[in-house]
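So this one's upload-v5.txt, compact mmCIF, C-alpha atoms:
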# COMPACT_ATOMS: atom_id res chain seq x y z
CA MET A 1 -48.79 -0.09 -43.57
CA VAL A 2 -48.88 3.62 -42.74
CA THR A 3 -48.16 2.84 -39.12
CA ALA A 4 -45.29 0.54 -40.06
CA ALA A 5 -43.84 3.09 -42.46
CA HIS A 6 -44.15 5.80 -39.85
CA SER A 7 -42.38 3.65 -37.26
CA LEU A 8 -39.55 2.96 -39.71
CA SER A 9 -39.05 6.68 -40.24
CA LEU A 10 -38.62 7.47 -36.54
CA PRO A 11 -35.10 8.53 -35.60
CA ALA A 12 -33.04 6.04 -33.67
CA ALA A 13 -32.80 6.61 -29.94
CA PRO A 14 -29.68 8.60 -29.16
CA ARG A 15 -26.85 6.62 -27.65
CA LEU A 16 -26.21 7.48 -24.02
CA ARG A 17 -23.00 9.47 -23.62
CA VAL A 18 -21.37 10.70 -20.47
CA PRO A 19 -19.11 13.53 -21.65
CA ALA A 20 -18.18 14.61 -18.12
CA VAL A 21 -16.01 11.51 -17.58
CA ARG A 22 -14.55 11.09 -21.06
CA HIS A 23 -11.23 12.61 -20.04
CA LEU A 24 -11.19 11.19 -16.52
CA GLY A 25 -7.94 9.23 -16.59
CA PRO A 26 -6.41 6.75 -14.14
CA ASN A 27 -4.16 9.54 -12.81
CA TRP A 28 -7.14 10.74 -10.74
CA TYR A 29 -6.56 7.86 -8.32
CA GLY A 30 -3.51 9.81 -7.16
CA SER A 31 -5.88 12.15 -5.31
CA VAL A 32 -7.24 9.18 -3.35
CA MET A 33 -3.72 8.04 -2.51
CA GLY A 34 -2.69 11.48 -1.32
CA THR A 35 -5.80 11.92 0.82
CA ALA A 36 -5.42 8.51 2.45
CA ALA A 37 -1.73 9.25 3.10
CA VAL A 38 -2.62 12.28 5.21
CA GLY A 39 -4.65 10.04 7.52
CA THR A 40 -2.32 7.05 7.78
CA ALA A 41 0.91 9.04 7.98
CA GLY A 42 -0.51 11.26 10.71
CA ALA A 43 -1.54 8.23 12.76
CA ALA A 44 1.97 6.75 12.39
CA LEU A 45 3.81 9.82 13.70
CA PRO A 46 6.12 9.06 16.63
CA VAL A 47 4.76 12.04 18.59
CA HIS A 48 1.33 12.53 20.15
CA VAL A 49 -0.71 15.55 19.09
CA PRO A 50 -4.09 15.97 20.83
CA GLY A 51 -6.96 15.62 18.38
CA LEU A 52 -4.75 14.59 15.46
CA ARG A 53 -6.02 11.02 15.33
CA THR A 54 -9.63 12.18 15.01
CA VAL A 55 -8.67 14.49 12.16
CA CYS A 56 -6.72 11.65 10.50
CA THR A 57 -9.74 9.36 10.77
CA ALA A 58 -11.95 12.01 9.18
CA VAL A 59 -9.50 12.47 6.32
CA TRP A 60 -9.36 8.70 5.83
CA ALA A 61 -13.17 8.61 5.66
CA LEU A 62 -12.97 11.30 2.98
CA SER A 63 -10.52 9.14 1.00
CA LEU A 64 -12.90 6.17 1.23
CA LEU A 65 -15.78 8.30 -0.06
CA TRP A 66 -13.63 9.75 -2.85
CA LEU A 67 -12.43 6.27 -3.85
CA THR A 68 -16.04 5.10 -4.13
CA VAL A 69 -16.95 8.09 -6.31
CA LEU A 70 -13.94 7.62 -8.58
CA LEU A 71 -14.50 3.87 -9.00
CA GLY A 72 -18.03 4.64 -10.16
CA ALA A 73 -16.88 7.42 -12.49
CA ARG A 74 -14.15 5.25 -13.97
CA ALA A 75 -16.69 2.46 -14.52
CA LEU A 76 -18.80 4.93 -16.50
CA HIS A 77 -15.67 5.95 -18.40
CA TRP A 78 -15.02 2.36 -19.49
CA ALA A 79 -18.70 1.72 -20.26
CA HIS A 80 -19.30 4.80 -22.40
CA HIS A 81 -15.85 5.89 -23.61
CA ARG A 82 -13.98 2.69 -24.36
CA ASP A 83 -12.12 4.33 -27.23
CA GLN A 84 -10.62 6.84 -24.82
CA ALA A 85 -9.92 4.14 -22.23
CA ARG A 86 -8.02 2.12 -24.84
CA ALA A 87 -6.18 5.27 -25.89
CA HIS A 88 -4.99 5.68 -22.30
CA LEU A 89 -3.63 2.13 -22.30
CA LEU A 90 -1.77 2.77 -25.55
CA ASP A 91 -0.41 6.13 -24.40
CA PRO A 92 3.01 5.75 -22.72
CA ALA A 93 2.32 8.90 -20.71
CA ALA A 94 -1.02 7.63 -19.33
CA ALA A 95 -0.66 3.84 -19.05
CA PRO A 96 1.70 3.90 -16.02
CA PHE A 97 -1.01 5.62 -13.98
CA TYR A 98 -2.93 2.35 -13.87
CA GLY A 99 -0.63 1.54 -10.98
CA CYS A 100 -2.43 4.31 -9.08
CA LEU A 101 -5.64 2.25 -9.02
CA ALA A 102 -3.88 -0.49 -7.08
CA MET A 103 -2.23 1.95 -4.70
CA ALA A 104 -5.49 3.81 -4.06
CA LEU A 105 -7.21 0.56 -3.07
CA LEU A 106 -4.28 -0.41 -0.84
CA ALA A 107 -3.94 3.00 0.79
CA VAL A 108 -7.60 3.20 1.75
CA GLY A 109 -7.58 -0.41 2.93
CA GLY A 110 -4.50 0.12 5.08
CA GLY A 111 -6.05 3.25 6.54
CA ALA A 112 -9.13 1.26 7.56
CA LEU A 113 -7.04 -0.89 9.87
CA SER A 114 -4.84 1.90 11.22
CA VAL A 115 -7.42 4.68 11.84
CA GLY A 116 -10.75 3.71 10.29
CA ARG A 117 -11.38 1.11 13.01
CA ASP A 118 -12.03 4.00 15.41
CA TRP A 119 -15.26 4.72 13.53
CA ILE A 120 -16.28 1.47 11.81
CA GLY A 121 -15.05 -0.99 14.44
CA GLY A 122 -12.31 -3.58 14.35
CA THR A 123 -14.35 -6.23 12.53
CA GLY A 124 -15.53 -3.84 9.82
CA ALA A 125 -12.04 -2.39 9.39
CA LEU A 126 -10.50 -5.85 9.05
CA ALA A 127 -13.09 -6.91 6.47
CA LEU A 128 -12.64 -3.71 4.44
CA ASP A 129 -8.86 -3.93 4.56
CA THR A 130 -8.92 -7.60 3.55
CA VAL A 131 -11.05 -6.88 0.49
CA LEU A 132 -9.12 -3.80 -0.60
CA PHE A 133 -5.71 -5.34 0.11
CA THR A 134 -6.59 -8.44 -1.93
CA ALA A 135 -7.99 -6.41 -4.82
CA GLY A 136 -5.18 -3.85 -4.73
CA THR A 137 -2.47 -6.49 -4.62
CA ALA A 138 -3.98 -8.36 -7.56
CA VAL A 139 -4.34 -5.19 -9.63
CA GLY A 140 -0.84 -4.08 -8.66
CA LEU A 141 0.80 -7.34 -9.70
CA VAL A 142 -1.05 -7.29 -13.03
CA ALA A 143 -0.07 -3.65 -13.64
CA ALA A 144 3.56 -4.36 -12.73
CA VAL A 145 3.70 -6.84 -15.62
CA ALA A 146 1.14 -5.51 -18.10
CA VAL A 147 2.21 -1.87 -18.22
CA PRO A 148 5.94 -2.57 -18.85
CA TYR A 149 4.82 -5.15 -21.44
CA LEU A 150 2.71 -2.54 -23.25
CA MET A 151 5.58 -0.07 -23.08
CA ALA A 152 7.99 -2.61 -24.57
CA VAL A 153 5.72 -4.08 -27.24
CA HIS A 154 3.06 -1.54 -28.23
CA HIS A 155 4.32 1.90 -27.21
CA ARG A 156 6.83 3.81 -29.26
CA ILE A 157 8.98 5.63 -26.75
CA GLU A 158 11.80 8.09 -27.30
CA PRO A 159 14.62 8.41 -24.75
CA HIS A 160 13.51 11.94 -23.78
CA GLN A 161 10.10 10.56 -22.72
CA ALA A 162 11.55 8.68 -19.74
CA GLY A 163 10.16 10.06 -16.51
CA PRO A 164 9.28 9.26 -12.91
CA VAL A 165 5.74 8.16 -13.86
CA TRP A 166 7.33 4.97 -15.21
CA LEU A 167 7.80 3.94 -11.57
CA LEU A 168 4.08 3.92 -10.74
CA PRO A 169 3.15 0.39 -11.86
CA VAL A 170 6.21 -1.25 -10.31
CA VAL A 171 5.85 0.60 -6.98
CA ALA A 172 2.34 -0.79 -6.39
CA PRO A 173 3.63 -4.18 -5.09
CA MET A 174 5.85 -2.27 -2.63
CA VAL A 175 2.72 -0.69 -1.15
CA SER A 176 1.30 -4.20 -0.69
CA ALA A 177 4.56 -5.24 0.93
CA ALA A 178 4.36 -2.36 3.41
CA LEU A 179 0.68 -2.83 4.32
CA GLY A 180 0.41 -6.62 4.27
CA PRO A 181 2.24 -7.24 7.57
CA ALA A 182 -0.56 -5.48 9.47
CA LEU A 183 -2.84 -8.36 8.42
CA VAL A 184 -0.43 -11.11 9.49
CA ARG A 185 -1.54 -11.30 13.11
CA HIS A 186 -5.17 -11.66 12.02
CA LEU A 187 -4.40 -14.97 10.28
CA PRO A 188 -4.16 -18.40 11.93
CA ALA A 189 -0.73 -19.06 13.43
CA GLY A 190 1.67 -21.13 11.38
CA GLN A 191 1.73 -21.51 7.61
CA ALA A 192 -0.82 -18.77 6.87
CA ARG A 193 1.02 -16.05 8.78
CA GLU A 194 4.45 -16.97 7.45
CA THR A 195 3.18 -17.25 3.87
CA LEU A 196 1.67 -13.77 3.93
CA LEU A 197 4.75 -12.23 5.55
CA LEU A 198 7.21 -13.85 3.14
CA GLY A 199 4.87 -13.05 0.26
CA CYS A 200 5.17 -9.39 1.27
CA VAL A 201 8.96 -9.79 1.35
CA ALA A 202 8.82 -11.23 -2.19
CA MET A 203 6.78 -8.24 -3.40
CA PHE A 204 9.30 -5.96 -1.70
CA GLY A 205 12.03 -7.63 -3.74
CA LEU A 206 10.32 -7.56 -7.11
CA SER A 207 9.33 -3.92 -6.70
CA LEU A 208 12.75 -2.86 -5.44
CA LEU A 209 14.65 -4.53 -8.29
CA ALA A 210 12.26 -3.13 -10.90
CA THR A 211 12.68 0.33 -9.38
CA LEU A 212 16.47 0.02 -9.43
CA ALA A 213 16.26 -0.89 -13.12
CA LEU A 214 14.18 2.19 -13.97
CA LEU A 215 15.77 4.86 -11.78
CA PRO A 216 18.94 5.18 -13.88
CA LEU A 217 16.75 5.87 -16.94
CA VAL A 218 14.95 8.65 -15.08
CA LEU A 219 18.11 10.29 -13.77
CA GLY A 220 19.89 9.82 -17.10
CA ARG A 221 17.05 11.55 -18.94
CA LEU A 222 17.31 14.54 -16.57
CA LEU A 223 21.07 14.83 -17.01
CA ILE A 224 21.08 14.40 -20.79
CA ALA A 225 17.80 15.97 -21.96
CA GLY A 226 17.44 18.62 -19.28
CA PRO A 227 14.57 19.44 -16.87
CA LEU A 228 11.11 17.97 -17.29
CA PRO A 229 8.33 20.08 -18.83
CA LEU A 230 6.86 22.47 -16.28
CA ALA A 231 3.61 20.53 -15.80
CA LEU A 232 5.53 17.30 -15.18
CA THR A 233 8.08 18.73 -12.77
CA PRO A 234 6.05 17.71 -9.67
CA THR A 235 6.36 14.07 -10.77
CA LEU A 236 9.97 14.16 -9.58
CA PHE A 237 8.49 13.57 -6.13
CA LEU A 238 7.29 10.15 -7.32
CA VAL A 239 10.84 8.87 -6.87
CA LEU A 240 10.32 9.29 -3.12
CA GLY A 241 7.53 6.69 -3.26
CA PRO A 242 9.64 3.54 -3.57
CA LEU A 243 12.25 4.96 -1.20
CA GLY A 244 9.87 5.82 1.62
CA GLN A 245 7.58 2.85 1.04
CA SER A 246 10.43 0.34 1.07
CA THR A 247 11.72 1.82 4.33
CA THR A 248 8.21 1.54 5.74
CA ALA A 249 8.02 -2.06 4.53
CA VAL A 250 11.22 -3.26 6.20
CA GLY A 251 10.07 -1.63 9.43
CA ALA A 252 6.76 -3.48 9.15
CA PHE A 253 8.61 -6.76 8.52
CA ALA A 254 10.62 -6.22 11.71
CA ASP A 255 7.42 -5.58 13.67
CA ALA A 256 5.59 -8.65 12.37
CA ALA A 257 8.39 -11.24 12.08
CA PRO A 258 8.97 -12.27 15.73
CA GLY A 259 6.97 -15.42 16.40
CA VAL A 260 5.99 -15.75 12.73
CA VAL A 261 9.29 -16.89 11.19
CA ALA A 262 11.76 -19.16 12.95
CA ALA A 263 14.76 -17.80 14.83
CA PRO A 264 17.15 -16.23 14.04
CA TYR A 265 15.25 -14.77 11.08
CA GLY A 266 12.73 -12.98 13.27
CA THR A 267 15.42 -10.79 14.82
CA GLY A 268 17.22 -10.62 11.49
CA PHE A 269 14.40 -8.52 10.07
CA ALA A 270 15.03 -5.93 12.78
CA VAL A 271 18.68 -5.74 11.75
CA PHE A 272 17.69 -5.44 8.09
CA ALA A 273 15.24 -2.63 8.92
CA LEU A 274 18.16 -0.47 10.09
CA LEU A 275 20.82 -1.57 7.61
CA TYR A 276 18.45 -0.91 4.71
CA GLY A 277 16.25 1.89 6.03
CA VAL A 278 18.90 4.33 7.26
CA PRO A 279 20.85 4.69 3.97
CA VAL A 280 17.71 4.64 1.82
CA MET A 281 16.10 7.37 3.90
CA GLY A 282 19.31 9.35 3.51
CA PHE A 283 18.99 9.12 -0.27
CA ALA A 284 15.31 10.07 0.04
CA VAL A 285 16.29 13.30 1.81
CA LEU A 286 18.82 14.04 -0.93
CA TRP A 287 16.21 13.46 -3.65
CA PHE A 288 13.65 15.54 -1.75
CA VAL A 289 15.99 18.54 -1.79
CA PHE A 290 16.80 17.95 -5.47
CA ALA A 291 13.09 17.75 -6.38
CA VAL A 292 12.23 20.87 -4.35
CA ALA A 293 14.94 22.81 -6.20
CA GLN A 294 13.47 21.68 -9.55
CA VAL A 295 9.95 22.67 -8.48
CA LEU A 296 11.09 26.10 -7.32
CA ARG A 297 12.78 26.59 -10.68
CA ALA A 298 9.60 25.53 -12.51
CA GLY A 299 7.54 27.87 -10.32
CA ARG A 300 9.70 30.83 -11.33
CA ARG A 301 9.06 29.90 -14.96
CA GLY A 302 5.28 29.88 -14.60
CA MET A 303 4.34 26.35 -13.55
CA GLY A 304 0.59 26.30 -12.95
CA PHE A 305 -1.67 23.77 -11.30
CA ALA A 306 -2.11 20.35 -12.87
CA MET A 307 -3.18 17.01 -11.46
CA THR A 308 0.54 16.21 -11.23
CA TRP A 309 0.50 18.31 -8.03
CA TRP A 310 -0.85 15.20 -6.28
CA SER A 311 2.68 13.83 -6.73
CA PHE A 312 3.59 16.08 -3.79
CA THR A 313 1.40 14.03 -1.44
CA PHE A 314 1.53 10.22 -1.37
CA PRO A 315 5.31 9.90 -1.96
CA VAL A 316 6.00 12.34 0.87
CA GLY A 317 3.55 10.37 3.01
CA THR A 318 5.59 7.20 2.46
CA CYS A 319 8.67 9.06 3.70
CA VAL A 320 6.72 10.11 6.81
CA THR A 321 5.86 6.49 7.59
CA GLY A 322 9.42 5.43 6.72
CA ALA A 323 10.93 7.99 9.07
CA SER A 324 8.40 7.01 11.73
CA ALA A 325 9.45 3.36 11.39
CA LEU A 326 13.10 4.34 11.84
CA ALA A 327 12.16 6.45 14.87
CA ARG A 328 10.34 3.44 16.32
CA HIS A 329 13.31 1.12 15.87
CA THR A 330 16.19 3.49 16.66
CA HIS A 331 14.55 5.79 19.27
CA LEU A 332 16.52 8.68 17.73
CA ALA A 333 15.01 12.16 18.00
CA VAL A 334 16.34 13.07 14.54
CA TYR A 335 13.83 10.69 12.94
CA ASP A 336 11.03 12.10 15.09
CA THR A 337 11.90 15.54 13.76
CA LEU A 338 12.18 14.30 10.18
CA ALA A 339 8.78 12.58 10.33
CA VAL A 340 7.05 15.64 11.78
CA GLY A 341 8.71 18.00 9.29
CA LEU A 342 7.76 15.85 6.31
CA TYR A 343 4.21 15.52 7.62
CA ALA A 344 3.91 19.30 7.68
CA VAL A 345 5.01 19.32 4.03
CA LEU A 346 2.47 16.60 3.25
CA VAL A 347 -0.45 18.44 4.83
CA THR A 348 0.48 21.71 3.09
CA ALA A 349 0.83 20.00 -0.28
CA TRP A 350 -2.45 18.10 0.17
CA ALA A 351 -4.34 21.28 1.04
CA ALA A 352 -2.98 23.09 -2.02
CA ALA A 353 -3.71 20.18 -4.39
CA ALA A 354 -7.19 19.60 -2.91
CA VAL A 355 -8.24 23.25 -3.17
CA HIS A 356 -7.10 23.55 -6.78
CA THR A 357 -8.72 20.23 -7.68
CA VAL A 358 -12.08 21.29 -6.26
CA ARG A 359 -11.85 24.57 -8.15
CA GLY A 360 -11.03 22.72 -11.35
CA LEU A 361 -13.95 20.34 -10.90
CA VAL A 362 -16.39 23.18 -10.22
CA SER A 363 -15.22 25.13 -13.26
CA GLY A 364 -15.05 22.00 -15.43
CA ALA A 365 -11.49 22.76 -16.50
CA LEU A 366 -10.04 19.51 -15.15
CA LEU A 367 -12.53 17.33 -17.03
CA ALA A 368 -12.25 19.21 -20.32
CA ALA A 369 -10.39 17.82 -23.30
CA PRO A 370 -6.65 18.34 -22.81
CA ARG A 371 -5.04 21.06 -24.87
CA PRO A 372 -1.64 20.52 -26.46
CA ALA A 373 1.07 21.93 -24.23
CA PRO A 374 3.12 24.74 -25.78
CA ALA A 375 6.59 23.72 -26.78
CA GLU A 376 9.21 24.78 -24.28
CA PRO A 377 12.57 26.04 -25.50
CA ARG A 378 15.31 23.48 -25.15
CA PRO A 379 17.77 24.59 -22.44
CA ALA A 380 21.06 25.82 -23.78
CA THR A 381 24.02 23.51 -23.31
CA VAL A 382 27.67 23.68 -24.17
CA ARG A 383 26.97 21.52 -27.20
CA THR A 384 24.09 23.65 -28.54
CA ARG A 385 25.94 26.91 -27.92
CA SER A 386 29.04 25.69 -29.73
CA GLY A 387 26.91 24.40 -32.59
CA ALA A 388 25.05 27.68 -32.94
CA GLY A 389 28.21 29.55 -33.92
CA ARG A 390 28.99 27.29 -36.83
In structure tokens, how does this file's structure come out?
Amino acid sequence: MVTAAHSLSLPAAPRLRVPAVRHLGPNWYGSVMGTAAVGTAGAALPVHVPGLRTVCTAVWALSLLWLTVLLGARALHWAHHRDQARAHLLDPAAAPFYGCLAMALLAVGGGALSVGRDWIGGTGALALDTVLFTAGTAVGLVAAVAVPYLMAVHHRIEPHQAGPVWLLPVVAPMVSAALGPALVRHLPAGQARETLLLGCVAMFGLSLLATLALLPLVLGRLLIAGPLPLALTPTLFLVLGPLGQSTTAVGAFADAAPGVVAAPYGTGFAVFALLYGVPVMGFAVLWFVFAVAQVLRAGRRGMGFAMTWWSFTFPVGTCVTGASALARHTHLAVYDTLAVGLYAVLVTAWAAAAVHTVRGLVSGALLAAPRPAPAEPRPATVRTRSGAGR
């Protein structure tokens, strides 16, 4: 009896907690996307730089390692901090970042076939890309439906909350559309190849139309409510993602279509690649200048580092591959120059974001509980100035 009573009085074993990953959100997959983009965009450049491909392969290998680490950390997050994971899903500012998981899987998988094969061999690269492309496409299609559903049914959103992050879940299928054609030639000729190619075209369409539905909300919010908060200003670069990725996709369709779809549709894709890609890349350049101006303004007002800085990387990388596709199909030097210039921006942005991220991880600041952002003064407008004198 004494033994039994003593055993009943023992304290319960403490529940295992992993505080280091409690605030590790899905936005962290953006760092994988940006790292993979440095490798794949560099390999796609229309100019040859000695040694660049080896560097790109090394950076891709780093993105694969970082993806593996983050998948494990996020698994711990869901296992030990489900309350916080559910809070992310119910937070309209965090839920759209679940599209980043799909794009991280796709970006690393696509990099395996474009540069990773130099180190892991063609067979290993094909197997890795097949697995990651399949998983990323499935997650992306689910996110493209589930996240807008949550935003419509469960989230309570004010008009001033509209922002470029809303594009993340609907852009994921566009990444599949751009990377899927590289797998077409590895399938048996006939139905399998045509099904995958036209499936990529279908994902191109659904992502493009969803993006066109959301972009007016983003631009309207900027014009009516004023600039984004300082920490969110870098997310303006996310608009470049669907623009550059869709241009990359139509170029990939043109490369893969001959011999896969019946004439005259095979050559029709080449025509579409120019008729679509040239004007869209023009708008991408316009938006790039607009976003840079906003970032410079935010920098003068004290914008510090945040994980949103990774928005400077992957979207710019898609514009590099888009410009490279146009250079490949038009043979115009202007697109060679554009691709190289944007790649320089990409590498600079990646280096800055990577250095600050490593510092934040070492200090623990990036994994600490978020602090409420100080309220920023509302910019003066004609309406507020006239109302103030009443």
Next on the checklist: For a test of reading the model, state the distance in Å between CA of Leu167 (chain A) and CA of Leu228 (chain A), rounded to one decimal.
Outcome noted: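 We find that CA of Leu167 (chain A) and CA of Leu228 (chain A) lie 15.5 Å from each other.
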Any chance you could tabulate, as JSON lines, the residues of region 30-107 of chain A at most 8 Å from region 345-353 of chain A with each one's nearest atom pair and distance in Å to one decimal, using only C-alpha atoms, in chain and rising number order?
{"residue": "A:Gly34", "atom": "CA", "partner": "A:Trp350", "partner_atom": "CA", "distance": 6.8}
{"residue": "A:Thr35", "atom": "CA", "partner": "A:Trp350", "partner_atom": "CA", "distance": 7.1}
{"residue": "A:Val38", "atom": "CA", "partner": "A:Val347", "partner_atom": "CA", "distance": 6.5}
So for region 197-206 of chain A, what box centre and size do we get, axis-aligned, 4 Å extra on each of the six sides, every listed atom, Å to one decimal, as JSON?
{"center_x": 8.4, "center_y": -9.9, "center_z": -0.8, "size_x": 15.3, "size_y": 15.9, "size_z": 20.7}
Between region 46-126 of chain A and region 309-322 of chain A, at 10 Å or less, what are the per-residue closest atom pairs and their distances in Å? Count all atoms listed in the file, order by chain and rising residue number, and return it as JSON lines.
{"residue": "A:Pro46", "atom": "CA", "partner": "A:Thr321", "partner_atom": "CA", "distance": 9.4}
{"residue": "A:Met103", "atom": "CA", "partner": "A:Phe314", "partner_atom": "CA", "distance": 9.7}
{"residue": "A:Ala104", "atom": "CA", "partner": "A:Phe314", "partner_atom": "CA", "distance": 9.9}
{"residue": "A:Ala107", "atom": "CA", "partner": "A:Phe314", "partner_atom": "CA", "distance": 9.3}
Checklist outcome for this item: Computed gap from CA of Ala369 (chain A) to CA of Pro229 (chain A) is 19.4 Å
As a PDB file, keeping the file's coordinate frame, could you write out region 214-238 of chain A once it has been completed with N, CA and C atoms?
ATOM      1  N   LEU A 214      14.757   1.023 -13.307  1.00  0.00           N
ATOM      2  CA  LEU A 214      14.180   2.190 -13.970  1.00  0.00           C
ATOM      3  C   LEU A 214      14.794   3.511 -13.523  1.00  0.00           C
ATOM      4  N   LEU A 215      15.245   3.589 -12.290  1.00  0.00           N
ATOM      5  CA  LEU A 215      15.770   4.860 -11.780  1.00  0.00           C
ATOM      6  C   LEU A 215      16.921   5.425 -12.608  1.00  0.00           C
ATOM      7  N   PRO A 216      17.872   4.606 -13.053  1.00  0.00           N
ATOM      8  CA  PRO A 216      18.940   5.180 -13.880  1.00  0.00           C
ATOM      9  C   PRO A 216      18.421   5.814 -15.171  1.00  0.00           C
ATOM     10  N   LEU A 217      17.328   5.271 -15.731  1.00  0.00           N
ATOM     11  CA  LEU A 217      16.750   5.870 -16.940  1.00  0.00           C
ATOM     12  C   LEU A 217      16.182   7.246 -16.628  1.00  0.00           C
ATOM     13  N   VAL A 218      15.543   7.368 -15.470  1.00  0.00           N
ATOM     14  CA  VAL A 218      14.950   8.650 -15.080  1.00  0.00           C
ATOM     15  C   VAL A 218      16.034   9.697 -14.841  1.00  0.00           C
ATOM     16  N   LEU A 219      17.044   9.340 -14.059  1.00  0.00           N
ATOM     17  CA  LEU A 219      18.110  10.290 -13.770  1.00  0.00           C
ATOM     18  C   LEU A 219      18.918  10.608 -15.028  1.00  0.00           C
ATOM     19  N   GLY A 220      19.160   9.591 -15.856  1.00  0.00           N
ATOM     20  CA  GLY A 220      19.890   9.820 -17.100  1.00  0.00           C
ATOM     21  C   GLY A 220      19.164  10.770 -18.027  1.00  0.00           C
ATOM     22  N   ARG A 221      17.821  10.636 -18.093  1.00  0.00           N
ATOM     23  CA  ARG A 221      17.050  11.550 -18.940  1.00  0.00           C
ATOM     24  C   ARG A 221      17.180  12.985 -18.446  1.00  0.00           C
ATOM     25  N   LEU A 222      17.178  13.188 -17.107  1.00  0.00           N
ATOM     26  CA  LEU A 222      17.310  14.540 -16.570  1.00  0.00           C
ATOM     27  C   LEU A 222      18.680  15.130 -16.879  1.00  0.00           C
ATOM     28  N   LEU A 223      19.719  14.324 -16.794  1.00  0.00           N
ATOM     29  CA  LEU A 223      21.070  14.830 -17.010  1.00  0.00           C
ATOM     30  C   LEU A 223      21.355  15.096 -18.480  1.00  0.00           C
ATOM     31  N   ILE A 224      20.767  14.296 -19.358  1.00  0.00           N
ATOM     32  CA  ILE A 224      21.080  14.400 -20.790  1.00  0.00           C
ATOM     33  C   ILE A 224      20.110  15.335 -21.511  1.00  0.00           C
ATOM     34  N   ALA A 225      18.810  15.192 -21.236  1.00  0.00           N
ATOM     35  CA  ALA A 225      17.800  15.970 -21.960  1.00  0.00           C
ATOM     36  C   ALA A 225      17.363  17.231 -21.236  1.00  0.00           C
ATOM     37  N   GLY A 226      17.799  17.412 -19.996  1.00  0.00           N
ATOM     38  CA  GLY A 226      17.440  18.620 -19.280  1.00  0.00           C
ATOM     39  C   GLY A 226      16.196  18.445 -18.426  1.00  0.00           C
ATOM     40  N   PRO A 227      15.717  19.518 -17.781  1.00  0.00           N
ATOM     41  CA  PRO A 227      14.570  19.440 -16.870  1.00  0.00           C
ATOM     42  C   PRO A 227      13.311  18.959 -17.565  1.00  0.00           C
ATOM     43  N   LEU A 228      12.404  18.404 -16.771  1.00  0.00           N
ATOM     44  CA  LEU A 228      11.110  17.970 -17.290  1.00  0.00           C
ATOM     45  C   LEU A 228      10.278  19.185 -17.689  1.00  0.00           C
ATOM     46  N   PRO A 229       9.272  18.996 -18.558  1.00  0.00           N
ATOM     47  CA  PRO A 229       8.330  20.080 -18.830  1.00  0.00           C
ATOM     48  C   PRO A 229       7.714  20.593 -17.533  1.00  0.00           C
ATOM     49  N   LEU A 230       7.324  21.847 -17.515  1.00  0.00           N
ATOM     50  CA  LEU A 230       6.860  22.470 -16.280  1.00  0.00           C
ATOM     51  C   LEU A 230       5.739  21.671 -15.611  1.00  0.00           C
ATOM     52  N   ALA A 231       4.746  21.236 -16.383  1.00  0.00           N
ATOM     53  CA  ALA A 231       3.610  20.530 -15.800  1.00  0.00           C
ATOM     54  C   ALA A 231       3.999  19.191 -15.196  1.00  0.00           C
ATOM     55  N   LEU A 232       5.094  18.608 -15.673  1.00  0.00           N
ATOM     56  CA  LEU A 232       5.530  17.300 -15.180  1.00  0.00           C
ATOM     57  C   LEU A 232       6.572  17.396 -14.077  1.00  0.00           C
ATOM     58  N   THR A 233       7.045  18.585 -13.783  1.00  0.00           N
ATOM     59  CA  THR A 233       8.080  18.730 -12.770  1.00  0.00           C
ATOM     60  C   THR A 233       7.676  18.150 -11.415  1.00  0.00           C
ATOM     61  N   PRO A 234       6.422  18.307 -10.961  1.00  0.00           N
ATOM     62  CA  PRO A 234       6.050  17.710  -9.670  1.00  0.00           C
ATOM     63  C   PRO A 234       6.228  16.193  -9.618  1.00  0.00           C
ATOM     64  N   THR A 235       6.233  15.522 -10.783  1.00  0.00           N
ATOM     65  CA  THR A 235       6.360  14.070 -10.770  1.00  0.00           C
ATOM     66  C   THR A 235       7.735  13.615 -10.284  1.00  0.00           C
ATOM     67  N   LEU A 236       8.682  14.536 -10.168  1.00  0.00           N
ATOM     68  CA  LEU A 236       9.970  14.160  -9.580  1.00  0.00           C
ATOM     69  C   LEU A 236       9.800  13.624  -8.167  1.00  0.00           C
ATOM     70  N   PHE A 237       8.749  14.059  -7.480  1.00  0.00           N
ATOM     71  CA  PHE A 237       8.490  13.570  -6.130  1.00  0.00           C
ATOM     72  C   PHE A 237       8.084  12.101  -6.114  1.00  0.00           C
ATOM     73  N   LEU A 238       7.672  11.564  -7.272  1.00  0.00           N
ATOM     74  CA  LEU A 238       7.290  10.150  -7.320  1.00  0.00           C
ATOM     75  C   LEU A 238       8.456   9.232  -6.980  1.00  0.00           C
TER      76      LEU A 238
END
